[in-house]
Amino acid sequence: MLLERTWRWFGMDDTISLSDLKQIGVEGIVTSLHHIKPGTAWHVDDILPVKKMIEQEGLKWSVVESLPVSNDIKLGTDKRDEHMENYKTSLVNLAQCGIKTVCYNFMPVLDWVRTDLRYKDSDGTETILFDYHTFAAFDLYILKREGATDDYPESIILKAREIYESMDNEEKEKLAYNIIIVTQGFINSDVEDTNNYKKLFLHSIGQYKALGPDKFRDNLSFFLKEVIPVAENHGIRLCIHPDDPPFSLLGLPRIASTIEDFERIFSHNNSLANGLTFCTGSLAARKDNDLLQFIEKFADRIHFAHLRNLRFLNDHCFYESGHLDGDIDMYPIVKLLLKEQYRRKNEGREDIRIPFRADHGKKMLDDFHRKSNPGYPLVGRIRGLSEIRGLQTAIEQIVKSKINP
């Protein structure tokens with residue numbers, strides 16, 4: 001019983017069609033209503049046309065990734081109550097349409113961060129990379145965030161200065177644009193004020209800095225207190241995505257990074273509707289995170305899995321490698337996820353199969369001639385999907401041979 005094969009699809013603007021996905025063995029689609037702003041309710045009339053389009057290709061809408069949590073909810077502004085009601089309405093309407101798994105994140109300002117979106121691996125493929133020293137150069141000397149020097153040791157500051165001084169103006173601007181615009185809004189997003197985006201970015205950082213980690217955790221607790229009962233009553237499985245990367249950046253609070261963080265999150269409401277998106281690449285970027293321990297501890301709450309690998313170049317730098325070619329041993333991870341599926345079957349749960357997607361991929365072959373969002377090439381993800389599928393099949397055959405030698 002293999003994991004459910006899913007694929008992140010960015011809607012009608014995606015260069016990869018639904019019919020393409022059917023051909024490569026995808027079962028379920030992971031997508032969102034990208035045109036609806038955070039804080040606005042999703043209505044049945046918005047949801048059903050997308051669902052119908054997916055089902056016409058013999059696929060199903062397996063996971064909503066994501067139903068965004070607005071900044072007003074995260075910050076607890078005077079618009080929070082209105083946005084909370086809209087969020088709950090969206091959950092009810094998704095359930096009415098038969099879509100029951102919803103991924104979300106609670107990251108401040110930055111959803112995910114990479115400093116090089118075109119890193120060349122030794123095999124000629126292209127991938128994405130995070131270098132902490134380069135990020136510090138952006139923070140300290142390009143963004144010039146107030147108080148940034150307090151967040152870095154002297155060794156990092158010196159190396160960041162060296163990197164900054166080696167860059168020309170075009171490289172500096174590209175780094176800032178990639179971090180603030182491309183990785184946060186993807187390449188097809190509209191930027192209302194490109195000349196002022198650094199100022200707007202700093203303003204957003206200041207809002208969360210003023211909030212502080214304790215109040216930020218309180219706001220997540222409030223969110224869960226409001227939405228989990230609604231999700232549970234309508235059969236929705238909410239699953240929070242870990243911070244990416246899972247450590248503080250820009251002095252901002254990161255509260256979904258460690259086992260202790262998730263223990264606190266799940267303590268707010270013990271319902272299985274309060275679940276986890278298990279992202280190997282995000283969690284493994286923090287070396288003291290034990291991924292097998294995460295599964296053993298939270299297996300029954302894993303409603304969605306992002307399987308990708310990474311390789312560390314040093315303690316401060318990693319890139320996204322091939323799905324089976326990196327510092328993460330994918331074999332025991334996949335084995336434990338398959339084991340959890342059999343446990344659910346024996347328990348009589350309805351959500352037996354865990355949807356997974358081969359998260360991200362290296363650009364290769366025809367990918368270099370095709371437009372795609374960073375980390376989301378066609379061929380590279382097909383390779384990852386095939387590798388993970390093959391690994392699962394091998395594990396299943398090993399288990400069967402032990403049962404029936």
# chains A, B, ... in the order shown; residues from 1 in each chain; ligands from 1

$ select_by_dssp --residues "segment 138-273 of chain A" --states "strand (DSSP E)" --output "PyMOL selection string"
chain A and resi 237-240

$ write_last_selection --atoms "C-alpha atoms" --output "short mmCIF file (atom, residue, chain, number, x, y, z; two decimals), in the first residue's frame"
data_model
loop_
_atom_site.label_atom_id
_atom_site.label_comp_id
_atom_site.auth_asym_id
_atom_site.auth_seq_id
_atom_site.Cartn_x
_atom_site.Cartn_y
_atom_site.Cartn_z
CA ARG A 237 -7.37 17.49 8.47
CA LEU A 238 -5.34 20.66 9.03
CA CYS A 239 -1.57 20.23 8.79
CA ILE A 240 0.93 22.95 9.64
#

$ closest_atom_pairs --of "segment 226-343 of chain A" --to "segment 22-42 of chain A" --cutoff "12 Å" --atoms "only C-alpha atoms" --output "Markdown table"
| residue | atom | partner | partner_atom | distance |
| --- | --- | --- | --- | --- |
| A:Phe304 | CA | A:Val30 | CA | 10.2 |
| A:Ala305 | CA | A:Val30 | CA | 11.4 |
| A:His306 | CA | A:Val30 | CA | 11.1 |

$ write_last_selection --atoms "C-alpha atoms" --output "compact mmCIF listing (two decimals), in the first residue's frame"
# COMPACT_ATOMS: atom_id res chain seq x y z
CA PHE A 304 0.68 15.22 4.20
CA ALA A 305 4.35 14.61 3.37
CA HIS A 306 6.86 16.66 1.40

$ residues_around --residues "Gly251 of chain A" --least-positions-apart "6" --cutoff "9 Å" --atoms "only C-alpha atoms" --output "PyMOL selection string"
chain A and resi 147-148+150-151+205+209

$ select_by_dssp --residues "segment 186-345 of chain A" --states "helix (DSSP H, G or I)" --output "number ranges by chain"
A: 194-233, 259-267, 280-284, 291-301, 330-345

$ residues_around --residues "segment 199-202 of chain A" --least-positions-apart "3" --cutoff "8 Å" --atoms "only C-alpha atoms" --output "list in words"
Val109, Leu143, Arg145, Ile180, Asn196, Ile205 and Gly206 of chain A

$ closest_residue --among "A:Leu324, A:Leu272, A:Met107, A:Met1" --to "Arg217 of chain A" --atoms "only C-alpha atoms"
A:Met107

$ residues_around --residues "segment 164-177 of chain A" --least-positions-apart "2" --cutoff "12 Å" --atoms "only C-alpha atoms" --output "number ranges by chain"
A: 113-118, 130-131, 133-144, 157-162, 179-187, 191, 194-199, 201

$ write_last_selection --atoms "N, CA and C atoms" --output "short mmCIF file (atom, residue, chain, number, x, y, z; two decimals), in the first residue's frame"
data_model
loop_
_atom_site.label_atom_id
_atom_site.label_comp_id
_atom_site.auth_asym_id
_atom_site.auth_seq_id
_atom_site.Cartn_x
_atom_site.Cartn_y
_atom_site.Cartn_z
N VAL A 113 13.19 30.46 2.29
CA VAL A 113 14.31 31.32 1.95
C VAL A 113 15.42 30.51 1.26
N ARG A 114 15.89 31.02 0.12
CA ARG A 114 17.09 30.51 -0.52
C ARG A 114 17.87 31.71 -1.04
N THR A 115 19.18 31.59 -1.07
CA THR A 115 20.02 32.72 -1.50
C THR A 115 20.51 32.57 -2.94
N ASP A 116 20.43 31.37 -3.50
CA ASP A 116 20.83 31.14 -4.89
C ASP A 116 19.77 30.24 -5.54
N LEU A 117 19.06 30.77 -6.53
CA LEU A 117 17.99 30.02 -7.18
C LEU A 117 18.48 29.29 -8.42
N ARG A 118 19.78 29.41 -8.73
CA ARG A 118 20.32 28.75 -9.92
C ARG A 118 21.69 28.15 -9.60
N PHE A 130 20.81 27.52 -0.01
CA PHE A 130 20.77 28.51 1.08
C PHE A 130 22.15 28.60 1.70
N ASP A 131 22.68 29.81 1.73
CA ASP A 131 23.96 30.07 2.39
C ASP A 131 23.74 31.13 3.46
N HIS A 133 25.84 32.78 5.34
CA HIS A 133 26.71 33.96 5.27
C HIS A 133 26.18 34.95 4.23
N THR A 134 25.72 34.44 3.10
CA THR A 134 25.16 35.31 2.06
C THR A 134 23.88 35.97 2.54
N PHE A 135 23.06 35.19 3.26
CA PHE A 135 21.84 35.77 3.81
C PHE A 135 22.18 36.88 4.80
N ALA A 136 23.20 36.66 5.61
CA ALA A 136 23.62 37.70 6.56
C ALA A 136 24.10 38.94 5.82
N ALA A 137 24.79 38.76 4.68
CA ALA A 137 25.22 39.91 3.88
C ALA A 137 24.01 40.70 3.40
N PHE A 138 22.97 39.99 2.98
CA PHE A 138 21.73 40.66 2.57
C PHE A 138 21.12 41.43 3.73
N ASP A 139 21.04 40.80 4.89
CA ASP A 139 20.39 41.40 6.05
C ASP A 139 21.18 42.60 6.57
N LEU A 140 22.50 42.42 6.71
CA LEU A 140 23.33 43.44 7.34
C LEU A 140 23.64 44.63 6.43
N TYR A 141 23.94 44.34 5.16
CA TYR A 141 24.53 45.37 4.31
C TYR A 141 23.68 45.79 3.11
N ILE A 142 22.70 44.97 2.75
CA ILE A 142 21.81 45.35 1.65
C ILE A 142 20.49 45.87 2.21
N LEU A 143 19.88 45.06 3.07
CA LEU A 143 18.64 45.48 3.71
C LEU A 143 18.91 46.53 4.79
N LYS A 144 20.06 46.38 5.46
CA LYS A 144 20.49 47.29 6.53
C LYS A 144 19.44 47.36 7.64
N ILE A 157 29.50 38.01 10.81
CA ILE A 157 29.48 39.40 10.33
C ILE A 157 30.68 39.67 9.41
N LEU A 158 31.85 39.18 9.80
CA LEU A 158 33.05 39.40 9.00
C LEU A 158 32.95 38.69 7.65
N LYS A 159 32.47 37.45 7.65
CA LYS A 159 32.32 36.71 6.40
C LYS A 159 31.25 37.36 5.52
N ALA A 160 30.17 37.81 6.13
CA ALA A 160 29.11 38.49 5.38
C ALA A 160 29.63 39.76 4.72
N ARG A 161 30.47 40.50 5.43
CA ARG A 161 31.05 41.72 4.87
C ARG A 161 31.92 41.40 3.67
N GLU A 162 32.69 40.34 3.79
CA GLU A 162 33.56 39.91 2.69
C GLU A 162 32.73 39.55 1.45
N ILE A 179 15.16 37.12 -2.65
CA ILE A 179 14.72 36.80 -1.29
C ILE A 179 13.36 37.43 -0.98
N ILE A 180 13.18 38.67 -1.38
CA ILE A 180 11.96 39.39 -0.99
C ILE A 180 10.79 39.11 -1.94
N ILE A 181 11.07 39.01 -3.22
CA ILE A 181 10.00 38.91 -4.20
C ILE A 181 9.83 37.50 -4.75
N VAL A 182 10.88 36.94 -5.36
CA VAL A 182 10.73 35.69 -6.10
C VAL A 182 10.35 34.54 -5.20
N THR A 183 11.07 34.34 -4.10
CA THR A 183 10.78 33.18 -3.25
C THR A 183 9.51 33.35 -2.44
N GLN A 184 9.06 34.58 -2.28
CA GLN A 184 7.85 34.79 -1.48
C GLN A 184 6.58 34.85 -2.33
N GLY A 185 6.69 35.32 -3.55
CA GLY A 185 5.50 35.46 -4.37
C GLY A 185 5.54 34.64 -5.64
N PHE A 186 6.64 33.91 -5.87
CA PHE A 186 6.89 33.19 -7.09
C PHE A 186 7.04 34.15 -8.27
N ILE A 187 7.51 33.65 -9.36
CA ILE A 187 7.97 34.52 -10.45
C ILE A 187 6.85 35.19 -11.22
N VAL A 191 4.12 42.74 -8.38
CA VAL A 191 4.72 43.55 -7.32
C VAL A 191 4.22 44.97 -7.51
N THR A 194 7.81 48.05 -6.95
CA THR A 194 9.13 47.43 -6.98
C THR A 194 10.20 48.35 -6.42
N ASN A 195 10.02 49.64 -6.55
CA ASN A 195 11.03 50.58 -6.06
C ASN A 195 11.01 50.72 -4.54
N ASN A 196 9.95 50.24 -3.94
CA ASN A 196 9.79 50.46 -2.50
C ASN A 196 9.71 49.14 -1.73
N TYR A 197 10.02 48.02 -2.39
CA TYR A 197 9.76 46.74 -1.74
C TYR A 197 10.65 46.50 -0.52
N LYS A 198 11.86 47.04 -0.51
CA LYS A 198 12.71 46.86 0.67
C LYS A 198 12.13 47.58 1.88
N LYS A 199 11.61 48.77 1.65
CA LYS A 199 10.99 49.54 2.74
C LYS A 199 9.77 48.82 3.28
N PHE A 201 9.20 45.63 3.10
CA PHE A 201 9.70 44.42 3.74
C PHE A 201 10.18 44.72 5.16
#

$ residues_around --residues "Ile16 of chain A" --least-positions-apart "3" --cutoff "10 Å" --atoms "only C-alpha atoms" --output "JSON, numbers by chain"
{"A": [9, 10, 11, 12, 13, 19, 20, 21, 370, 371, 372, 377, 378]}

$ write_last_selection --atoms "N, CA and C atoms" --output "PDB file, in the first residue's frame"
ATOM      1  N   TRP A   9       0.379  21.758  -8.269  1.00  0.00           N
ATOM      2  CA  TRP A   9      -0.012  22.377  -9.538  1.00  0.00           C
ATOM      3  C   TRP A   9      -0.447  23.803  -9.251  1.00  0.00           C
ATOM      4  N   PHE A  10       0.084  24.764 -10.033  1.00  0.00           N
ATOM      5  CA  PHE A  10      -0.157  26.178  -9.769  1.00  0.00           C
ATOM      6  C   PHE A  10      -1.312  26.761 -10.576  1.00  0.00           C
ATOM      7  N   GLY A  11      -2.217  25.907 -11.006  1.00  0.00           N
ATOM      8  CA  GLY A  11      -3.413  26.390 -11.683  1.00  0.00           C
ATOM      9  C   GLY A  11      -3.202  26.612 -13.168  1.00  0.00           C
ATOM     10  N   MET A  12      -4.091  27.387 -13.772  1.00  0.00           N
ATOM     11  CA  MET A  12      -4.106  27.561 -15.214  1.00  0.00           C
ATOM     12  C   MET A  12      -2.844  28.242 -15.747  1.00  0.00           C
ATOM     13  N   ASP A  13      -2.136  28.965 -14.903  1.00  0.00           N
ATOM     14  CA  ASP A  13      -0.902  29.608 -15.338  1.00  0.00           C
ATOM     15  C   ASP A  13       0.299  28.665 -15.298  1.00  0.00           C
ATOM     16  N   SER A  19      -3.337  17.047 -17.793  1.00  0.00           N
ATOM     17  CA  SER A  19      -3.230  15.839 -18.615  1.00  0.00           C
ATOM     18  C   SER A  19      -1.803  15.305 -18.612  1.00  0.00           C
ATOM     19  N   ASP A  20      -0.806  16.205 -18.527  1.00  0.00           N
ATOM     20  CA  ASP A  20       0.586  15.765 -18.393  1.00  0.00           C
ATOM     21  C   ASP A  20       0.763  14.940 -17.126  1.00  0.00           C
ATOM     22  N   LEU A  21       0.146  15.410 -16.053  1.00  0.00           N
ATOM     23  CA  LEU A  21       0.330  14.766 -14.757  1.00  0.00           C
ATOM     24  C   LEU A  21      -0.298  13.379 -14.724  1.00  0.00           C
ATOM     25  N   ARG A 370      11.963  25.316 -20.311  1.00  0.00           N
ATOM     26  CA  ARG A 370      10.575  25.434 -19.862  1.00  0.00           C
ATOM     27  C   ARG A 370      10.504  26.381 -18.669  1.00  0.00           C
ATOM     28  N   LYS A 371       9.540  27.265 -18.665  1.00  0.00           N
ATOM     29  CA  LYS A 371       9.364  28.196 -17.559  1.00  0.00           C
ATOM     30  C   LYS A 371       8.752  27.465 -16.365  1.00  0.00           C
ATOM     31  N   SER A 372       9.292  27.715 -15.187  1.00  0.00           N
ATOM     32  CA  SER A 372       8.740  27.098 -13.972  1.00  0.00           C
ATOM     33  C   SER A 372       9.096  27.934 -12.761  1.00  0.00           C
ATOM     34  N   PRO A 377      10.583  22.381 -11.354  1.00  0.00           N
ATOM     35  CA  PRO A 377      10.701  21.967 -12.749  1.00  0.00           C
ATOM     36  C   PRO A 377       9.925  20.667 -12.993  1.00  0.00           C
ATOM     37  N   LEU A 378       9.622  20.400 -14.243  1.00  0.00           N
ATOM     38  CA  LEU A 378       8.862  19.196 -14.582  1.00  0.00           C
ATOM     39  C   LEU A 378       9.711  17.932 -14.473  1.00  0.00           C
TER      40      LEU A 378
END
